[in-house]
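Novice: Have a peek at query.cif (mmCIF, C-alpha atoms).
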```
data_upload
#
loop_
_atom_site.label_atom_id
_atom_site.label_comp_id
_atom_site.auth_asym_id
_atom_site.auth_seq_id
_atom_site.Cartn_x
_atom_site.Cartn_y
_atom_site.Cartn_z
CA MET A 400 -10.83 -15.90 26.15
CA VAL A 401 -10.97 -19.71 26.39
CA ARG A 402 -8.31 -21.02 28.78
CA ASP A 403 -5.87 -23.71 27.64
CA SER A 404 -7.32 -23.59 24.12
CA PRO A 405 -5.11 -24.36 21.11
CA VAL A 406 -3.40 -21.48 19.37
CA HIS A 407 -4.77 -20.44 16.00
CA ARG A 408 -3.44 -17.93 13.47
CA ILE A 409 -5.89 -15.61 11.79
CA ALA A 410 -5.30 -13.49 8.69
CA LEU A 411 -7.36 -10.35 8.16
CA LEU A 412 -8.08 -8.43 4.97
CA LEU A 413 -8.21 -4.75 5.92
CA GLU A 414 -9.11 -1.43 4.44
CA TYR A 415 -8.39 1.91 6.04
CA GLU A 416 -8.25 5.62 5.50
CA GLY A 417 -4.75 6.70 6.41
CA THR A 418 -5.68 10.31 7.17
CA GLY A 419 -4.92 11.10 10.79
CA PHE A 420 -2.69 8.06 11.32
CA ALA A 421 1.10 8.17 11.67
CA GLY A 422 1.38 5.16 9.38
CA SER A 423 0.56 1.48 9.63
CA GLN A 424 3.31 0.19 11.92
CA TYR A 425 3.46 0.77 15.66
CA GLN A 426 5.23 3.92 16.86
CA LYS A 427 5.52 5.00 20.46
CA ASN A 428 3.09 7.78 21.40
CA ALA A 429 1.58 7.85 17.90
CA ARG A 430 -1.76 6.82 16.41
CA THR A 431 -1.12 3.93 14.03
CA ILE A 432 -3.12 1.23 12.27
CA GLN A 433 -1.26 -1.55 14.10
CA ASP A 434 -1.91 0.01 17.50
CA ALA A 435 -5.64 0.39 16.76
CA LEU A 436 -5.86 -3.25 15.64
CA GLU A 437 -4.04 -4.55 18.69
CA ARG A 438 -6.21 -2.51 21.03
CA GLY A 439 -9.37 -3.82 19.36
CA LEU A 440 -8.17 -7.43 19.47
CA ARG A 441 -7.17 -7.09 23.11
CA THR A 442 -10.68 -5.87 23.94
CA LEU A 443 -12.29 -8.67 21.93
CA THR A 444 -10.15 -11.60 23.10
CA GLY A 445 -8.64 -10.48 26.40
CA GLU A 446 -5.20 -11.41 25.03
CA PRO A 447 -2.11 -9.18 24.55
CA ILE A 448 -2.04 -9.77 20.80
CA ARG A 449 0.76 -8.63 18.48
CA VAL A 450 -0.20 -8.04 14.84
CA ALA A 451 2.03 -8.48 11.77
CA LEU A 452 1.29 -6.54 8.57
CA ALA A 453 2.01 -7.39 4.93
CA GLY A 454 3.13 -3.92 3.96
CA ARG A 455 4.23 -0.75 5.68
CA THR A 456 2.23 2.32 4.67
CA ASP A 457 3.33 5.84 5.56
CA ALA A 458 1.31 8.50 7.33
CA GLY A 459 -1.69 9.48 5.21
CA VAL A 460 -1.47 6.48 2.86
CA HIS A 461 -4.63 4.40 2.50
CA ALA A 462 -5.27 0.68 2.00
CA ARG A 463 -7.97 -1.36 0.32
CA GLY A 464 -6.19 -4.71 0.58
CA GLN A 465 -3.78 -4.69 3.53
CA VAL A 466 -3.25 -8.11 5.14
CA ALA A 467 -2.63 -8.60 8.85
CA ALA A 468 -2.08 -11.76 10.88
CA PHE A 469 -2.01 -12.67 14.56
CA ALA A 470 -1.96 -15.69 16.86
CA THR A 471 -4.77 -16.23 19.34
CA GLY A 472 -6.02 -18.80 21.81
CA SER A 473 -9.56 -17.56 21.30
CA SER A 474 -12.13 -20.04 20.00
CA HIS A 475 -13.81 -17.38 17.85
CA ALA A 476 -14.48 -18.48 14.28
CA PRO A 477 -12.79 -16.30 11.62
CA ASP A 478 -16.08 -14.65 10.66
CA VAL A 479 -16.45 -13.37 14.21
CA PHE A 480 -13.29 -11.35 13.73
CA VAL A 481 -15.02 -9.55 10.87
CA ARG A 482 -18.22 -8.70 12.71
CA ALA A 483 -17.02 -8.26 16.28
CA LEU A 484 -13.61 -6.68 15.70
CA ASN A 485 -15.10 -3.97 13.49
CA HIS A 486 -17.17 -2.92 16.50
CA HIS A 487 -13.95 -2.18 18.41
CA LEU A 488 -12.08 -0.32 15.64
CA PRO A 489 -12.07 3.37 14.66
CA ASP A 490 -14.40 4.26 11.80
CA GLN A 491 -11.41 4.70 9.46
CA ILE A 492 -10.47 1.00 9.73
CA ALA A 493 -12.57 -1.98 8.62
CA VAL A 494 -11.96 -5.72 8.55
CA ARG A 495 -13.31 -7.03 5.26
CA LYS A 496 -12.52 -10.75 5.56
CA ALA A 497 -10.83 -13.22 7.89
CA ARG A 498 -9.29 -16.66 7.33
CA GLU A 499 -7.53 -19.18 9.55
CA VAL A 500 -3.99 -19.75 8.24
CA ALA A 501 -0.95 -21.87 9.12
CA LEU A 502 0.81 -20.93 12.35
CA ALA A 503 3.97 -20.15 10.36
CA PHE A 504 2.20 -17.69 8.04
CA ASP A 505 3.97 -14.32 7.81
CA PRO A 506 1.98 -11.76 5.81
CA ARG A 507 5.10 -9.84 4.79
CA ARG A 508 7.61 -12.60 4.04
CA HIS A 509 5.12 -14.87 2.30
CA ALA A 510 3.71 -12.18 -0.01
CA VAL A 511 4.68 -12.62 -3.67
CA SER A 512 3.61 -9.15 -4.81
CA ARG A 513 1.98 -5.92 -3.72
CA TRP A 514 -0.23 -3.71 -5.86
CA TYR A 515 -0.45 0.03 -5.25
CA ARG A 516 -2.55 2.66 -7.00
CA TYR A 517 -1.82 6.38 -7.05
CA THR A 518 -4.63 8.72 -8.12
CA ILE A 519 -4.28 12.24 -9.49
CA HIS A 520 -7.15 14.69 -10.00
CA SER A 521 -6.10 16.84 -12.96
CA SER A 522 -8.43 19.84 -13.10
CA ARG A 523 -8.55 23.55 -12.36
CA GLN A 524 -11.48 22.75 -10.06
CA ARG A 525 -10.35 21.16 -6.82
CA PRO A 526 -12.37 18.17 -5.60
CA ALA A 527 -14.20 18.32 -2.29
CA LEU A 528 -15.48 14.81 -1.63
CA ALA A 529 -12.33 13.04 -2.88
CA ARG A 530 -9.80 15.48 -1.47
CA LYS A 531 -8.37 12.97 1.02
CA PHE A 532 -7.79 10.31 -1.63
CA VAL A 533 -6.32 12.14 -4.64
CA TRP A 534 -3.54 14.57 -5.45
CA HIS A 535 -5.14 17.64 -6.98
CA VAL A 536 -3.08 19.08 -9.84
CA ALA A 537 -4.59 22.22 -11.36
CA GLU A 538 -3.23 21.73 -14.88
CA PRO A 539 -3.66 19.31 -17.80
CA LEU A 540 -1.36 16.30 -17.95
CA ASP A 541 -0.35 14.06 -20.87
CA SER A 542 -1.42 10.68 -19.49
CA VAL A 543 -0.34 8.86 -22.67
CA ALA A 544 3.25 10.08 -22.29
CA MET A 545 3.13 9.22 -18.59
CA GLY A 546 2.00 5.70 -19.49
CA ASP A 547 4.83 5.29 -22.00
CA ALA A 548 7.33 6.35 -19.35
CA ALA A 549 5.85 4.09 -16.67
CA ALA A 550 5.97 1.06 -18.98
CA SER A 551 9.77 1.36 -19.09
CA LEU A 552 9.90 0.37 -15.41
CA VAL A 553 8.59 -3.16 -15.93
CA GLY A 554 11.06 -5.97 -15.22
CA GLU A 555 13.82 -6.67 -12.72
CA ARG A 556 16.04 -3.64 -12.24
CA ASP A 557 17.71 -1.25 -9.83
CA PHE A 558 15.21 1.32 -8.50
CA ALA A 559 17.76 3.38 -6.57
CA ALA A 560 16.66 6.52 -8.45
CA PHE A 561 13.33 6.36 -6.65
CA THR A 562 14.45 6.22 -3.04
CA GLN A 563 16.61 8.16 -0.61
CA PRO A 564 20.41 7.77 -0.89
CA SER A 565 20.46 6.64 2.76
CA VAL A 566 18.17 3.72 1.87
CA ALA A 567 20.33 2.76 -1.11
CA ARG A 568 23.38 2.58 1.15
CA ARG A 569 21.70 0.19 3.58
CA ARG A 570 19.92 -2.35 1.37
CA SER A 571 19.55 -3.76 -2.11
CA THR A 572 17.49 -1.54 -4.39
CA ARG A 573 16.75 -4.20 -7.00
CA ARG A 574 13.07 -5.06 -7.35
CA TRP A 575 10.88 -6.97 -9.80
CA MET A 576 8.21 -4.67 -11.27
CA LYS A 577 5.42 -6.85 -12.68
CA ARG A 578 3.39 -3.98 -14.09
CA ALA A 579 3.35 -0.20 -14.24
CA GLU A 580 0.30 1.20 -16.01
CA VAL A 581 -1.24 4.65 -16.33
CA SER A 582 -4.94 5.01 -17.09
CA SER A 583 -7.23 8.03 -17.29
CA ARG A 584 -10.95 8.55 -16.93
CA GLY A 585 -12.33 12.05 -16.98
CA ASN A 586 -10.19 14.19 -14.69
CA ARG A 587 -8.70 11.17 -12.92
CA ILE A 588 -5.30 9.73 -13.81
CA SER A 589 -4.24 6.53 -12.04
CA LEU A 590 -0.87 4.80 -11.83
CA ASP A 591 -1.09 1.09 -10.98
CA VAL A 592 2.18 -0.58 -10.01
CA GLU A 593 2.76 -4.12 -8.81
CA ALA A 594 6.09 -5.53 -7.65
CA ASN A 595 7.53 -8.18 -5.37
CA ALA A 596 8.36 -5.39 -2.90
CA PHE A 597 8.83 -1.63 -2.82
CA LEU A 598 11.45 0.70 -1.39
CA PRO A 599 10.48 3.49 1.02
CA HIS A 600 8.63 6.24 -0.88
CA GLN A 601 9.31 4.43 -4.18
CA VAL A 602 5.81 4.72 -5.63
CA ARG A 603 5.39 8.35 -4.63
CA ARG A 604 8.78 9.25 -6.13
CA ILE A 605 7.83 7.45 -9.34
CA VAL A 606 4.68 9.58 -9.46
CA GLY A 607 6.69 12.73 -8.82
CA ALA A 608 9.00 11.89 -11.74
CA LEU A 609 6.09 10.97 -14.02
CA MET A 610 4.58 14.38 -13.37
CA GLU A 611 7.54 15.93 -15.19
CA VAL A 612 6.63 13.80 -18.19
CA GLY A 613 2.94 14.66 -17.91
CA ARG A 614 3.77 18.37 -17.85
CA GLY A 615 5.97 18.04 -20.93
CA ARG A 616 9.16 18.94 -19.10
CA GLN A 617 10.72 15.53 -19.72
CA SER A 618 10.22 12.93 -22.45
CA PRO A 619 9.44 9.27 -21.73
CA ARG A 620 12.90 8.41 -23.06
CA GLU A 621 14.56 10.86 -20.67
CA PHE A 622 12.54 9.37 -17.81
CA GLU A 623 13.72 5.89 -18.78
CA ALA A 624 17.34 7.03 -18.95
CA MET A 625 17.10 8.59 -15.49
CA ALA A 626 15.59 5.40 -14.08
CA ARG A 627 18.23 3.17 -15.69
CA GLU A 628 21.09 5.33 -14.47
CA ALA A 629 19.89 4.36 -10.97
CA ARG A 630 21.60 7.25 -9.24
CA PRO A 631 20.22 7.18 -5.68
CA GLY A 632 17.68 9.93 -5.06
CA SER A 633 17.71 11.39 -8.58
CA ALA A 634 13.90 11.32 -8.60
CA SER A 635 13.79 13.60 -5.59
CA PHE A 636 10.20 14.83 -5.51
CA THR A 637 7.83 12.73 -3.39
CA ALA A 638 4.15 13.00 -4.33
CA PRO A 639 1.68 13.60 -1.47
CA ALA A 640 0.70 10.55 0.57
CA ARG A 641 -3.06 11.04 0.21
CA GLY A 642 -3.18 9.83 -3.41
CA LEU A 643 -1.63 6.43 -2.62
CA CYS A 644 -3.53 3.26 -1.75
CA LEU A 645 -2.37 -0.32 -1.15
CA MET A 646 -4.85 -2.23 -3.30
CA LYS A 647 -3.90 -5.88 -2.91
CA VAL A 648 -1.29 -8.27 -1.54
CA ARG A 649 -0.90 -11.57 -3.39
CA TYR A 650 0.17 -14.97 -2.04
CA GLU A 651 1.12 -18.24 -3.70
CA ASP A 652 -1.74 -20.08 -2.02
CA GLY A 653 -4.29 -17.53 -3.26
CA LEU A 654 -5.19 -16.13 0.16
CA PHE A 655 -8.13 -13.72 -0.28
CA ASP A 656 -8.08 -14.29 -4.05
CA ASP A 657 -11.81 -15.02 -3.91
CA GLU A 658 -11.95 -11.24 -4.17
CA THR A 659 -11.04 -10.48 -7.77
CA ASP A 660 -9.22 -7.40 -9.00
CA GLU A 661 -12.57 -6.20 -10.35
CA ASP A 662 -13.96 -6.21 -6.80
CA VAL A 663 -11.06 -4.01 -5.72
#
```
What does this structure look like when you write it as structure tokens?
Specialist:
Amino acid sequence: MVRDSPVHRIALLLEYEGTGFAGSQYQKNARTIQDALERGLRTLTGEPIRVALAGRTDAGVHARGQVAAFATGSSHAPDVFVRALNHHLPDQIAVRKAREVALAFDPRRHAVSRWYRYTIHSSRQRPALARKFVWHVAEPLDSVAMGDAAASLVGERDFAAFTQPSVARRRSTRRWMKRAEVSSRGNRISLDVEANAFLPHQVRRIVGALMEVGRGRQSPREFEAMAREARPGSASFTAPARGLCLMKVRYEDGLFDDETDEDV
């Protein structure tokens, strides 16, 4: 570490496999993404660095486009934090890019939207190589009906149906859903959702409710009615964490937008 050097703020674009981690945010006596990052940065810079994250991911949830930020007195150029920090991180975590940002930058508060993808493997044959990254469902699903139901979620609305009643009692459950799309390719069905912010377990509860549509147990119209009723916790089934991935966090100034959605 360079003594008496000016403070800089660095933003990192991260990807990680959430398997084996207790989530992204620090927890006492638990293995988390934040703790691994802070340990690696401390080794690299010699500073007791505290990291802020754009989004909180639960245990077992993955990320392709998580954004982290920290202040440092180190004179390292941003690119050094890509090459050198990766050397000090577990194999499941990788820094993809680094940029110097304003000292006031907050990766969570300054984000304008977050994009998540949930992937289902619909087949009688369970996958081996992708087992940590998909939810295996051993039956056919109607992805077209699931897409029709998901489309009804777009817009500003109350998403209380897709979170725990205890959450709905503590905070506003209104969110702006920019897109909610279902696509299929072979045995893979993907739900892509992007919103200004998400409630705890919201995406996984949406997936759980869409499964009822895919199985033919509920129509897209019934799904829409349930969502609009906004009764807290009515979509009670939470899909497994392993199928969920934080794909991208967007900012007004275009931070990390040199990576297009196609690259993701």
Novice: Apply the PyMOL selection byres ((chain A and resi 540) around 6) to the structure shown and report the selected residues as a PyMOL selection string.
Specialist: chain A and resi 539+541-542+613-614
Novice: Write out as a list of chain:residue names the residues lying within 10 Å of Asp547 of chain A, counting all atoms listed in the file and excluding same-chain residues fewer than 2 positions away.
Specialist: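 Contacts, in chain order: A:Ser542, A:Val543, A:Ala544, A:Met545, A:Ala549, A:Ala550, A:Ser551, A:Leu552, A:Ala579, A:Glu580, A:Val581, A:Leu609, A:Val612, A:Ser618, A:Pro619, A:Arg620, A:Phe622, A:Glu623.
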Novice: Go through A:Gly554, A:Gly459, A:Gly472, A:Gly419 one by one, measure the shortest atom-to-atom distance of each to Leu443 of chain A using only C-alpha atoms, and give the residue with the smallest value.
Specialist: A:Gly472
Novice: Return the single residue from A:Lys647, A:Lys531, A:His487, A:His461 that is closest to Glu437 of chain A, with distances computed using only C-alpha atoms.
Specialist: A:His487
Novice: Quick one: distance from atom CA of Gln491 of chain A to atom CA of Ser423 of chain A in Å, one decimal?
Specialist: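 Atom CA of Gln491 of chain A sits 12.4 Å away from atom CA of Ser423 of chain A.
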Novice: Which residues fall under the PyMOL selection byres ((chain A and resi 590) around 7) in this file, as a ChimeraX atom specification?
Specialist: /A:516-518,579-582,588-589,591-592
Novice: Kindly export the residues of the current selection with C-alpha atoms, as an mmCIF file, keeping the file's coordinate frame.
Specialist:
```
data_model
loop_
_atom_site.group_PDB
_atom_site.id
_atom_site.type_symbol
_atom_site.label_atom_id
_atom_site.label_comp_id
_atom_site.auth_asym_id
_atom_site.auth_seq_id
_atom_site.Cartn_x
_atom_site.Cartn_y
_atom_site.Cartn_z
ATOM 1 C CA ARG A 516 -2.550 2.660 -7.000
ATOM 2 C CA TYR A 517 -1.820 6.380 -7.050
ATOM 3 C CA THR A 518 -4.630 8.720 -8.120
ATOM 4 C CA ALA A 579 3.350 -0.200 -14.240
ATOM 5 C CA GLU A 580 0.300 1.200 -16.010
ATOM 6 C CA VAL A 581 -1.240 4.650 -16.330
ATOM 7 C CA SER A 582 -4.940 5.010 -17.090
ATOM 8 C CA ILE A 588 -5.300 9.730 -13.810
ATOM 9 C CA SER A 589 -4.240 6.530 -12.040
ATOM 10 C CA ASP A 591 -1.090 1.090 -10.980
ATOM 11 C CA VAL A 592 2.180 -0.580 -10.010
#
```
Novice: Decode the PyMOL selection byres ((chain A and resi 505-507) around 6) for the given file into explicit residues and return them as a list in words.
Specialist: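 Applying the PyMOL selection byres ((chain A and resi 505-507) around 6) to the structure shown produces Leu452, Ala453, Phe504, Arg508, His509 and Ala510 of chain A.
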Novice: So that I can see what lies close to Val466 of chain A, please list as JSON, numbers by chain the residues with an atom at most 10 Å from it, counting all atoms listed in the file and leaving out residues fewer than 2 positions away in the same chain.
Specialist: {"A": [410, 411, 412, 413, 414, 451, 452, 453, 454, 462, 463, 464, 468, 494, 496, 497, 505, 506, 507, 510, 647, 648, 649, 654, 655]}
Novice: If you measure from atom CA of Arg630 of chain A to atom CA of Ala560 of chain A, what distance in Å do you get, rounded to one decimal?
Specialist: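 For atom CA of Arg630 of chain A relative to atom CA of Ala560 of chain A, the distance reads 5.1 Å.
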Novice: Would you mind listing what lies within 8 Å of Phe420 of chain A as a PDB file with C-alpha atoms, in the frame of the given file, with all atoms listed in the file counted and same-chain residues fewer than 2 positions away left out?
Specialist:
```pdb
ATOM      1  CA  GLY A 417      -4.750   6.700   6.410  1.00  0.00           C
ATOM      2  CA  THR A 418      -5.680  10.310   7.170  1.00  0.00           C
ATOM      3  CA  GLY A 422       1.380   5.160   9.380  1.00  0.00           C
ATOM      4  CA  SER A 423       0.560   1.480   9.630  1.00  0.00           C
ATOM      5  CA  ALA A 429       1.580   7.850  17.900  1.00  0.00           C
ATOM      6  CA  ARG A 430      -1.760   6.820  16.410  1.00  0.00           C
ATOM      7  CA  THR A 431      -1.120   3.930  14.030  1.00  0.00           C
ATOM      8  CA  ILE A 432      -3.120   1.230  12.270  1.00  0.00           C
ATOM      9  CA  ALA A 458       1.310   8.500   7.330  1.00  0.00           C
ATOM     10  CA  GLY A 459      -1.690   9.480   5.210  1.00  0.00           C
TER      11      GLY A 459
END
```
Novice: Kindly indicate which residue among A:Leu488, A:Gly439, A:Ser512, A:Leu528 lies nearest to Tyr650 of chain A, using all atoms listed in the file for the distances.
Specialist: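 When distances to Tyr650 of chain A are compared using all atoms listed in the file, the smallest one comes from A:Ser512.
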Novice: Could you tell me how far atom CA of Glu651 of chain A sits from atom CA of His407 of chain A, in Å to one decimal place?
Specialist: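 Distance between the two atoms: 20.7 Å.
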